[in-house]
Amino acid sequence: MRSSRSELLRIYDLLLNAYGKQNWWPVDKEYHKSQGTDPREEVVIGAILTQNTSWRNVEKAISNLKENKLLSFKGILSVELEELKALIKPAGYYNQKAKRLKEVIGRTGSVDGLKSASRKELLSIKGIGDETADVLLLYAADRLSFVIDTYTKRIVKRVLGISGSYDELKTLFEANLPKDLEMYKEFHALMDEHAKRFCRKNPVCGGCPLRSLCLSVK
DNA sequence: CCCCAGGCCGCGC
DNA sequence: GCGCGGCATGGG
């Protein structure tokens with residue numbers, strides 16, 4: 001498949017130029033500073049809450065947790081299951097997510113535990129699939145693990161004509177990008193932004209920053 | 001009214 | 001290994 005290396009880097013450059021740095025994962029550092037809690041724990045919590053759910057709804061749930069000073073591993077483990085369900089309700093799937101939050105946090109133990117956990121171990125925890133595992137590794141543990149999501153699949157398919165399984169696409173990116181933590185973080189965030197602005201399910205191709213190299217512009 | 005959103009699990013095949 | 005239904009709220 002042609003030179004994926006330069007193609008991927010070209011996409012990255014165009015998106016970065018169009019949207020600027022995204023500085024993912026979004027966390028409220030000031031809040032954690034004032035509470036003496038670890039902001040990386042919010043990444044783990046947010047990653048589970050946002051599964052198939054709009055970030056807008058996740059923010060409401062996170063806000064509820066903050067108001068009750070429960071936005072931490074300790075907080076999630078200490079609160080009653082039923083109360084947790086009520087607090088995260090706006091994020092949807094609240095019955096599953098409440099259980100999974102406790103399960104995932106109970107099993108990972110601490111964010112530092114993520115530094116040594118294998119991806120396979122994470123996947124064995126109920127509630128952590130491919131994307132969530134990579135989000136935890138990349139954004140919470142600062143480990144070089146590229147995140148694929150439906151947006152990335154869609155963009156790569158449309159722009160480069162490449163489709164594949166999660167693992168195949170993950171390998172494609174990791175084999176063709178420099179081993180740069182910040183780039184991994186930004187690239188995934190930029191893909192997300194791009195899918196929301198232009199590469200929607202029904203694409204808006206007018207003014208798209210990837211027009212020049214997209215195989216399927218309308 | 002419809003469709004979608006920063007997935008994952010359990011099942012059947 | 002892949003496809004499907006279920007899970008649930010809030011916004012467009």
# chains A, B, ... in the order shown; residues from 1 in each chain; ligands from 1
$ interface_residues --of "chain B" --to "chain A" --cutoff "12 Å" --atoms "only C-alpha atoms (C1' of nucleotides)" --output "JSON, numbers by chain"
{"B": [3, 4, 5, 6, 7, 8, 9, 10]}
$ write_last_selection --atoms "all heavy atoms" --output "short mmCIF file (atom, residue, chain, number, x, y, z; two decimals), in the first residue's frame"
data_model
loop_
_atom_site.label_atom_id
_atom_site.label_comp_id
_atom_site.auth_asym_id
_atom_site.auth_seq_id
_atom_site.Cartn_x
_atom_site.Cartn_y
_atom_site.Cartn_z
P DC B 3 -33.48 6.03 12.28
OP1 DC B 3 -33.19 5.23 11.07
OP2 DC B 3 -33.75 5.35 13.57
"O5'" DC B 3 -32.28 7.04 12.52
"C5'" DC B 3 -31.87 7.92 11.48
"C4'" DC B 3 -30.71 8.78 11.98
"O4'" DC B 3 -31.16 9.59 13.08
"C3'" DC B 3 -29.55 7.92 12.51
"O3'" DC B 3 -28.33 8.33 11.92
"C2'" DC B 3 -29.56 8.17 14.01
"C1'" DC B 3 -30.23 9.52 14.14
N1 DC B 3 -30.94 9.67 15.44
C2 DC B 3 -30.61 10.72 16.30
O2 DC B 3 -29.73 11.52 15.97
N3 DC B 3 -31.24 10.82 17.50
C4 DC B 3 -32.19 9.94 17.82
N4 DC B 3 -32.79 10.09 19.01
C5 DC B 3 -32.55 8.88 16.96
C6 DC B 3 -31.91 8.77 15.79
P DC B 4 -27.05 7.30 12.09
OP1 DC B 4 -26.30 7.35 10.82
OP2 DC B 4 -27.47 6.00 12.67
"O5'" DC B 4 -26.20 8.05 13.20
"C5'" DC B 4 -25.85 9.42 13.01
"C4'" DC B 4 -25.39 9.98 14.33
"O4'" DC B 4 -26.49 10.03 15.25
"C3'" DC B 4 -24.30 9.13 15.00
"O3'" DC B 4 -23.08 9.85 14.98
"C2'" DC B 4 -24.79 8.93 16.44
"C1'" DC B 4 -25.97 9.89 16.56
N1 DC B 4 -27.06 9.40 17.44
C2 DC B 4 -27.35 10.11 18.62
O2 DC B 4 -26.70 11.11 18.89
N3 DC B 4 -28.32 9.65 19.43
C4 DC B 4 -29.01 8.55 19.10
N4 DC B 4 -29.96 8.14 19.93
C5 DC B 4 -28.74 7.83 17.91
C6 DC B 4 -27.76 8.28 17.12
P DA B 5 -21.67 9.06 15.40
OP1 DA B 5 -20.58 9.64 14.59
OP2 DA B 5 -21.87 7.61 15.47
"O5'" DA B 5 -21.48 9.62 16.87
"C5'" DA B 5 -21.55 11.01 17.08
"C4'" DA B 5 -21.51 11.30 18.56
"O4'" DA B 5 -22.71 10.80 19.19
"C3'" DA B 5 -20.33 10.65 19.30
"O3'" DA B 5 -19.88 11.56 20.28
"C2'" DA B 5 -20.97 9.41 19.93
"C1'" DA B 5 -22.36 9.92 20.24
N9 DA B 5 -23.41 8.89 20.27
C8 DA B 5 -23.60 7.84 19.42
N7 DA B 5 -24.66 7.13 19.69
C5 DA B 5 -25.21 7.77 20.80
C6 DA B 5 -26.35 7.51 21.58
N6 DA B 5 -27.17 6.50 21.35
N1 DA B 5 -26.60 8.33 22.62
C2 DA B 5 -25.76 9.36 22.83
N3 DA B 5 -24.66 9.70 22.17
C4 DA B 5 -24.44 8.85 21.16
P DG B 6 -18.45 12.23 20.21
OP1 DG B 6 -18.22 13.00 21.46
OP2 DG B 6 -18.44 12.87 18.90
"O5'" DG B 6 -17.36 11.07 20.19
"C5'" DG B 6 -17.55 9.81 20.73
"C4'" DG B 6 -16.34 8.94 20.47
"O4'" DG B 6 -15.14 9.73 20.43
"C3'" DG B 6 -16.14 7.95 21.59
"O3'" DG B 6 -15.51 6.79 21.07
"C2'" DG B 6 -15.27 8.68 22.58
"C1'" DG B 6 -14.46 9.61 21.67
N9 DG B 6 -14.34 10.96 22.24
C8 DG B 6 -15.17 12.01 22.03
N7 DG B 6 -14.81 13.08 22.69
C5 DG B 6 -13.67 12.72 23.36
C6 DG B 6 -12.84 13.45 24.23
O6 DG B 6 -12.96 14.62 24.59
N1 DG B 6 -11.78 12.69 24.70
C2 DG B 6 -11.56 11.36 24.36
N2 DG B 6 -10.50 10.78 24.93
N3 DG B 6 -12.33 10.66 23.56
C4 DG B 6 -13.36 11.39 23.09
P DG B 7 -16.60 5.79 20.48
OP1 DG B 7 -16.10 5.29 19.21
OP2 DG B 7 -17.91 6.40 20.54
"O5'" DG B 7 -16.59 4.62 21.56
"C5'" DG B 7 -15.70 3.51 21.35
"C4'" DG B 7 -15.69 2.71 22.61
"O4'" DG B 7 -17.05 2.44 23.00
"C3'" DG B 7 -15.01 1.36 22.46
"O3'" DG B 7 -14.37 1.06 23.69
"C2'" DG B 7 -16.15 0.42 22.12
"C1'" DG B 7 -17.33 1.06 22.87
N9 DG B 7 -18.61 0.94 22.16
C8 DG B 7 -18.85 1.16 20.83
N7 DG B 7 -20.10 1.00 20.50
C5 DG B 7 -20.73 0.64 21.68
C6 DG B 7 -22.08 0.33 21.95
O6 DG B 7 -23.03 0.32 21.16
N1 DG B 7 -22.28 0.00 23.30
C2 DG B 7 -21.30 0.00 24.24
N2 DG B 7 -21.67 -0.30 25.48
N3 DG B 7 -20.03 0.30 24.01
C4 DG B 7 -19.81 0.60 22.72
P DC B 8 -13.54 -0.32 23.81
OP1 DC B 8 -12.46 -0.10 24.79
OP2 DC B 8 -13.23 -0.80 22.46
"O5'" DC B 8 -14.61 -1.29 24.45
"C5'" DC B 8 -15.14 -1.00 25.74
"C4'" DC B 8 -16.10 -2.09 26.15
"O4'" DC B 8 -17.32 -1.94 25.40
"C3'" DC B 8 -15.58 -3.50 25.87
"O3'" DC B 8 -15.54 -4.24 27.07
"C2'" DC B 8 -16.56 -4.07 24.86
"C1'" DC B 8 -17.80 -3.20 25.04
N1 DC B 8 -18.61 -3.04 23.81
C2 DC B 8 -19.99 -3.30 23.86
O2 DC B 8 -20.49 -3.68 24.91
N3 DC B 8 -20.72 -3.13 22.73
C4 DC B 8 -20.15 -2.72 21.61
N4 DC B 8 -20.91 -2.55 20.53
C5 DC B 8 -18.75 -2.44 21.55
C6 DC B 8 -18.03 -2.61 22.67
P DC B 9 -15.08 -5.76 27.10
OP1 DC B 9 -14.34 -5.97 28.35
OP2 DC B 9 -14.47 -6.10 25.80
"O5'" DC B 9 -16.49 -6.50 27.19
"C5'" DC B 9 -17.45 -6.06 28.14
"C4'" DC B 9 -18.68 -6.94 28.03
"O4'" DC B 9 -19.44 -6.57 26.86
"C3'" DC B 9 -18.38 -8.42 27.89
"O3'" DC B 9 -19.25 -9.15 28.74
"C2'" DC B 9 -18.64 -8.71 26.42
"C1'" DC B 9 -19.73 -7.71 26.09
N1 DC B 9 -19.77 -7.27 24.66
C2 DC B 9 -21.01 -7.19 24.00
O2 DC B 9 -22.03 -7.49 24.59
N3 DC B 9 -21.03 -6.77 22.71
C4 DC B 9 -19.90 -6.44 22.09
N4 DC B 9 -19.96 -6.04 20.83
C5 DC B 9 -18.63 -6.52 22.75
C6 DC B 9 -18.61 -6.94 24.03
P DG B 10 -19.01 -10.66 29.08
OP1 DG B 10 -19.27 -10.79 30.53
OP2 DG B 10 -17.72 -11.08 28.50
"O5'" DG B 10 -20.17 -11.40 28.28
"C5'" DG B 10 -21.51 -10.96 28.42
"C4'" DG B 10 -22.41 -11.70 27.45
"O4'" DG B 10 -22.29 -11.10 26.14
"C3'" DG B 10 -22.05 -13.18 27.27
"O3'" DG B 10 -23.26 -13.93 27.20
"C2'" DG B 10 -21.29 -13.21 25.94
"C1'" DG B 10 -21.95 -12.07 25.18
N9 DG B 10 -21.12 -11.42 24.18
C8 DG B 10 -19.75 -11.19 24.24
N7 DG B 10 -19.29 -10.58 23.19
C5 DG B 10 -20.41 -10.36 22.39
C6 DG B 10 -20.53 -9.75 21.12
O6 DG B 10 -19.64 -9.23 20.43
N1 DG B 10 -21.84 -9.76 20.66
C2 DG B 10 -22.90 -10.30 21.34
N2 DG B 10 -24.09 -10.21 20.74
N3 DG B 10 -22.80 -10.88 22.53
C4 DG B 10 -21.54 -10.89 22.99
#
$ interface_residues --of "chain C" --to "chain A" --cutoff "6 Å" --atoms "only C-alpha atoms (C1' of nucleotides)" --output "PyMOL selection string"
chain C and resi 7-9
$ residues_around --residues "stretch 70-82 of chain A" --least-positions-apart "5" --cutoff "6 Å" --atoms "only C-alpha atoms (C1' of nucleotides)" --output "ChimeraX atom specification"
/A:41,65,102
$ residues_around --residues "B:DG12" --least-positions-apart "3" --cutoff "12 Å" --atoms "only C-alpha atoms (C1' of nucleotides)" --output "number ranges by chain"
C: 2-5
$ write_last_selection --atoms "all heavy atoms" --output "PDB file, in the first residue's frame"
ATOM      1  P    DC C   2     -11.876 -10.670  12.275  1.00  0.00           P
ATOM      2  OP1  DC C   2     -11.234  -9.987  11.150  1.00  0.00           O
ATOM      3  OP2  DC C   2     -11.777 -10.136  13.644  1.00  0.00           O
ATOM      4  O5'  DC C   2     -13.426 -10.873  11.951  1.00  0.00           O
ATOM      5  C5'  DC C   2     -13.846 -11.480  10.737  1.00  0.00           C
ATOM      6  C4'  DC C   2     -15.370 -11.526  10.725  1.00  0.00           C
ATOM      7  O4'  DC C   2     -15.831 -12.421  11.756  1.00  0.00           O
ATOM      8  C3'  DC C   2     -16.013 -10.166  11.011  1.00  0.00           C
ATOM      9  O3'  DC C   2     -17.064  -9.941  10.099  1.00  0.00           O
ATOM     10  C2'  DC C   2     -16.500 -10.287  12.444  1.00  0.00           C
ATOM     11  C1'  DC C   2     -16.820 -11.777  12.541  1.00  0.00           C
ATOM     12  N1   DC C   2     -16.754 -12.333  13.919  1.00  0.00           N
ATOM     13  C2   DC C   2     -17.870 -13.028  14.446  1.00  0.00           C
ATOM     14  O2   DC C   2     -18.870 -13.159  13.747  1.00  0.00           O
ATOM     15  N3   DC C   2     -17.798 -13.538  15.708  1.00  0.00           N
ATOM     16  C4   DC C   2     -16.690 -13.379  16.433  1.00  0.00           C
ATOM     17  N4   DC C   2     -16.669 -13.896  17.670  1.00  0.00           N
ATOM     18  C5   DC C   2     -15.551 -12.674  15.926  1.00  0.00           C
ATOM     19  C6   DC C   2     -15.626 -12.167  14.669  1.00  0.00           C
ATOM     20  P    DG C   3     -17.819  -8.519  10.001  1.00  0.00           P
ATOM     21  OP1  DG C   3     -17.980  -8.190   8.579  1.00  0.00           O
ATOM     22  OP2  DG C   3     -17.192  -7.569  10.933  1.00  0.00           O
ATOM     23  O5'  DG C   3     -19.246  -8.925  10.581  1.00  0.00           O
ATOM     24  C5'  DG C   3     -20.003  -9.958   9.942  1.00  0.00           C
ATOM     25  C4'  DG C   3     -21.349 -10.097  10.618  1.00  0.00           C
ATOM     26  O4'  DG C   3     -21.185 -10.729  11.918  1.00  0.00           O
ATOM     27  C3'  DG C   3     -22.059  -8.779  10.884  1.00  0.00           C
ATOM     28  O3'  DG C   3     -23.455  -8.949  10.666  1.00  0.00           O
ATOM     29  C2'  DG C   3     -21.746  -8.478  12.345  1.00  0.00           C
ATOM     30  C1'  DG C   3     -21.672  -9.875  12.948  1.00  0.00           C
ATOM     31  N9   DG C   3     -20.758 -10.000  14.083  1.00  0.00           N
ATOM     32  C8   DG C   3     -19.486  -9.494  14.189  1.00  0.00           C
ATOM     33  N7   DG C   3     -18.894  -9.783  15.317  1.00  0.00           N
ATOM     34  C5   DG C   3     -19.834 -10.537  16.005  1.00  0.00           C
ATOM     35  C6   DG C   3     -19.768 -11.136  17.290  1.00  0.00           C
ATOM     36  O6   DG C   3     -18.835 -11.133  18.094  1.00  0.00           O
ATOM     37  N1   DG C   3     -20.939 -11.812  17.598  1.00  0.00           N
ATOM     38  C2   DG C   3     -22.034 -11.885  16.782  1.00  0.00           C
ATOM     39  N2   DG C   3     -23.070 -12.574  17.247  1.00  0.00           N
ATOM     40  N3   DG C   3     -22.114 -11.338  15.569  1.00  0.00           N
ATOM     41  C4   DG C   3     -20.982 -10.677  15.252  1.00  0.00           C
ATOM     42  P    DC C   4     -24.424  -7.675  10.718  1.00  0.00           P
ATOM     43  OP1  DC C   4     -25.420  -7.886   9.651  1.00  0.00           O
ATOM     44  OP2  DC C   4     -23.645  -6.421  10.789  1.00  0.00           O
ATOM     45  O5'  DC C   4     -25.146  -7.893  12.121  1.00  0.00           O
ATOM     46  C5'  DC C   4     -25.944  -9.072  12.322  1.00  0.00           C
ATOM     47  C4'  DC C   4     -26.345  -9.143  13.783  1.00  0.00           C
ATOM     48  O4'  DC C   4     -25.164  -9.362  14.577  1.00  0.00           O
ATOM     49  C3'  DC C   4     -26.980  -7.855  14.295  1.00  0.00           C
ATOM     50  O3'  DC C   4     -28.335  -8.073  14.654  1.00  0.00           O
ATOM     51  C2'  DC C   4     -26.153  -7.462  15.510  1.00  0.00           C
ATOM     52  C1'  DC C   4     -25.342  -8.711  15.816  1.00  0.00           C
ATOM     53  N1   DC C   4     -24.001  -8.429  16.389  1.00  0.00           N
ATOM     54  C2   DC C   4     -23.687  -8.914  17.661  1.00  0.00           C
ATOM     55  O2   DC C   4     -24.543  -9.567  18.278  1.00  0.00           O
ATOM     56  N3   DC C   4     -22.459  -8.660  18.176  1.00  0.00           N
ATOM     57  C4   DC C   4     -21.573  -7.958  17.481  1.00  0.00           C
ATOM     58  N4   DC C   4     -20.378  -7.737  18.027  1.00  0.00           N
ATOM     59  C5   DC C   4     -21.869  -7.449  16.182  1.00  0.00           C
ATOM     60  C6   DC C   4     -23.093  -7.702  15.676  1.00  0.00           C
ATOM     61  P    DG C   5     -29.277  -6.819  14.910  1.00  0.00           P
ATOM     62  OP1  DG C   5     -30.516  -7.052  14.150  1.00  0.00           O
ATOM     63  OP2  DG C   5     -28.519  -5.570  14.735  1.00  0.00           O
ATOM     64  O5'  DG C   5     -29.594  -6.999  16.460  1.00  0.00           O
ATOM     65  C5'  DG C   5     -29.983  -8.265  16.980  1.00  0.00           C
ATOM     66  C4'  DG C   5     -29.973  -8.214  18.499  1.00  0.00           C
ATOM     67  O4'  DG C   5     -28.599  -8.154  18.976  1.00  0.00           O
ATOM     68  C3'  DG C   5     -30.665  -6.979  19.080  1.00  0.00           C
ATOM     69  O3'  DG C   5     -31.356  -7.370  20.264  1.00  0.00           O
ATOM     70  C2'  DG C   5     -29.514  -6.013  19.357  1.00  0.00           C
ATOM     71  C1'  DG C   5     -28.382  -6.969  19.728  1.00  0.00           C
ATOM     72  N9   DG C   5     -27.045  -6.482  19.420  1.00  0.00           N
ATOM     73  C8   DG C   5     -26.639  -5.818  18.287  1.00  0.00           C
ATOM     74  N7   DG C   5     -25.366  -5.520  18.276  1.00  0.00           N
ATOM     75  C5   DG C   5     -24.897  -6.012  19.481  1.00  0.00           C
ATOM     76  C6   DG C   5     -23.592  -5.991  20.036  1.00  0.00           C
ATOM     77  O6   DG C   5     -22.558  -5.514  19.560  1.00  0.00           O
ATOM     78  N1   DG C   5     -23.554  -6.602  21.286  1.00  0.00           N
ATOM     79  C2   DG C   5     -24.638  -7.171  21.919  1.00  0.00           C
ATOM     80  N2   DG C   5     -24.418  -7.711  23.113  1.00  0.00           N
ATOM     81  N3   DG C   5     -25.862  -7.202  21.408  1.00  0.00           N
ATOM     82  C4   DG C   5     -25.922  -6.610  20.188  1.00  0.00           C
TER      83       DG C   5
END
$ atom_distance --atom1 "atom CA of A:Lys21" --atom2 "atom CA of A:Phe187"
9.3 Å
$ select_by_dssp --residues "stretch 5-198 of chain A" --states "alpha helix (DSSP H)" --output "JSON, numbers by chain"
{"A": [5, 6, 7, 8, 9, 10, 11, 12, 13, 14, 15, 16, 17, 18, 19, 29, 30, 31, 32, 33, 34, 35, 39, 40, 41, 42, 43, 44, 45, 46, 47, 48, 49, 55, 56, 57, 58, 59, 60, 61, 62, 63, 64, 65, 66, 67, 73, 74, 75, 76, 77, 78, 81, 82, 83, 84, 85, 86, 87, 88, 94, 95, 96, 97, 98, 99, 100, 101, 102, 103, 104, 105, 106, 107, 108, 113, 114, 115, 116, 119, 120, 121, 122, 123, 130, 131, 132, 133, 134, 135, 150, 151, 152, 153, 154, 155, 156, 157, 158, 159, 160, 166, 167, 168, 169, 170, 171, 172, 173, 174, 175, 176, 181, 182, 183, 184, 185, 186, 187, 188, 189, 190, 191, 192, 193, 194, 195, 196, 197]}
$ atom_distance --atom1 "atom CA of A:Val111" --atom2 "atom CA of A:Pro178"
25.5 Å
$ atom_distance --atom1 "atom CA of A:Gly109" --atom2 "atom CA of A:Ala140"
13.3 Å
$ residues_around --residues "stretch 7-13 of chain A" --least-positions-apart "2" --cutoff "8 Å" --atoms "only C-alpha atoms (C1' of nucleotides)" --output "PyMOL selection string"
chain A and resi 3-5+15-17+160+173+176-177+187+190+210
